[in-house]
Amino acid sequence: AQSVTQPDARVTVSEGASLQLRCKYSYSATPYLFWYVQYPRQGLQMLLKYYSGDPVVQGVNGFEAEFSKSDSSFHLRKASVHWSDSAVYFCAVRGGTGNTRKLIFGLGTTLQVQP
Amino acid sequence: DPKIIQKPKYLVAVTGSEKILICEQYLGHNAMYWYRQSAKKPLEFMFSYSYQKLMDNQTASSRFQPQSSKKNHLDLQITALKPDDSATYFCASSQEDRGPAEQFFGPGTRLTVL
């Protein structure tokens with residue numbers, strides 16, 4: 001069955017430090033992968049997506065992610081975090097059987113940026 | 001201006017009652033979805049609609065019924081509410097033309113069933 005694993009429930013980094021949030025997926029076909037961010041009391045906003053081509057994709061606010069088929073991973077990175085990046089980050093894969101459009105989400109990683 | 005409106009923001013209900021969660025999107029999208037976010041669980045897909053027709057139902061219970069009265073509306077009726085239904089319910093939409101599209105999410109309705 002398709003699934004997404006985010007192994008880190010919480011990550012704490014200092015402002016200005018680099019960041020990597022990990023995501024592993026399980027999907028039989030070519031995956032469509034997404035990273036979403038959820039700020040407190042808000043809905044989810046997409047940061048970036050990967051469909052095909054260059055395995056490194058750029059997103060908003062300086063975020064990027066790298067797709068690895070061999071490792072079944074889609075890790076999110078940022079070179080220098082800001083306090084406003086504190087939020088919950090979700091990795092998702094689109095898929096399932098047939099032509100479903102459902103997104104399968106991981107449990108999320110709470111990022112806390114310390115001043 | 002909010003592009004996806006969900007009403008109400010918070011909802012408290014008693015066990016056994018019925019509630020309707022409202023969702024309206026003003027993005028001009030042709031597909032709409034419902035997801036549920038419960039404590040300690042991943043965000044869970046419930047339904048997808050395309051051009052007001054049900055495309056995918058991943059909800060085991062018939063107590064959850066989506067209703068689409070207009071192309072930019074997708075409400076969720078929940079009957080015989082149970083405490084386990086307590087969750088935040090998110091509506092989403094996308095423009096599905098060629099290939100997978102980004103799904104835009106509303107702010108959610110937080111439902112508490114007592």
# chains A, B, ... in the order shown; residues from 1 in each chain; ligands from 1
>>> interface_residues(of="chain B", to="chain A", cutoff="12 Å", atoms="only C-alpha atoms", output="PyMOL selection string")
chain B and resi 2-6+9-10+31-50+54-58+88-96+99-110
>>> residues_around(residues="segment 69-78 of chain A", least_positions_apart="2", cutoff="8 Å", atoms="only C-alpha atoms", output="number ranges by chain")
A: 18-26, 33, 35, 62-67, 80-81
>>> residues_around(residues="Leu76 of chain B", least_positions_apart="5", cutoff="8 Å", atoms="only C-alpha atoms", output="list in words")
Ile20, Leu21, Ile22, Trp34, Phe64, Gln65, Pro66 and Gln67 of chain B
>>> select_by_dssp(residues="chain A", states="strand (DSSP E or B)", output="ChimeraX atom specification")
/A:3-5,10-14,19-21,24-26,32-38,44-50,56-58,63-68,73-78,87-94,103-105,109-114
>>> atom_distance(atom1="atom CA of Ser86 of chain B", atom2="atom CA of Ala1 of chain A")
26.1 Å
>>> select_by_dssp(residues="segment 38-109 of chain A", states="helix (DSSP H, G or I)", output="JSON, numbers by chain")
{"A": [60, 61, 62, 83, 84, 85]}
>>> atom_distance(atom1="atom CA of Thr12 of chain A", atom2="atom CA of Val60 of chain A")
20.7 Å
>>> atom_distance(atom1="atom CA of Glu24 of chain B", atom2="atom CA of His73 of chain B")
4.6 Å
>>> closest_residue(among="A:Gln6, A:Thr30, A:Ser84, A:Gln58", to="Pro115 of chain A", atoms="only C-alpha atoms")
A:Ser84
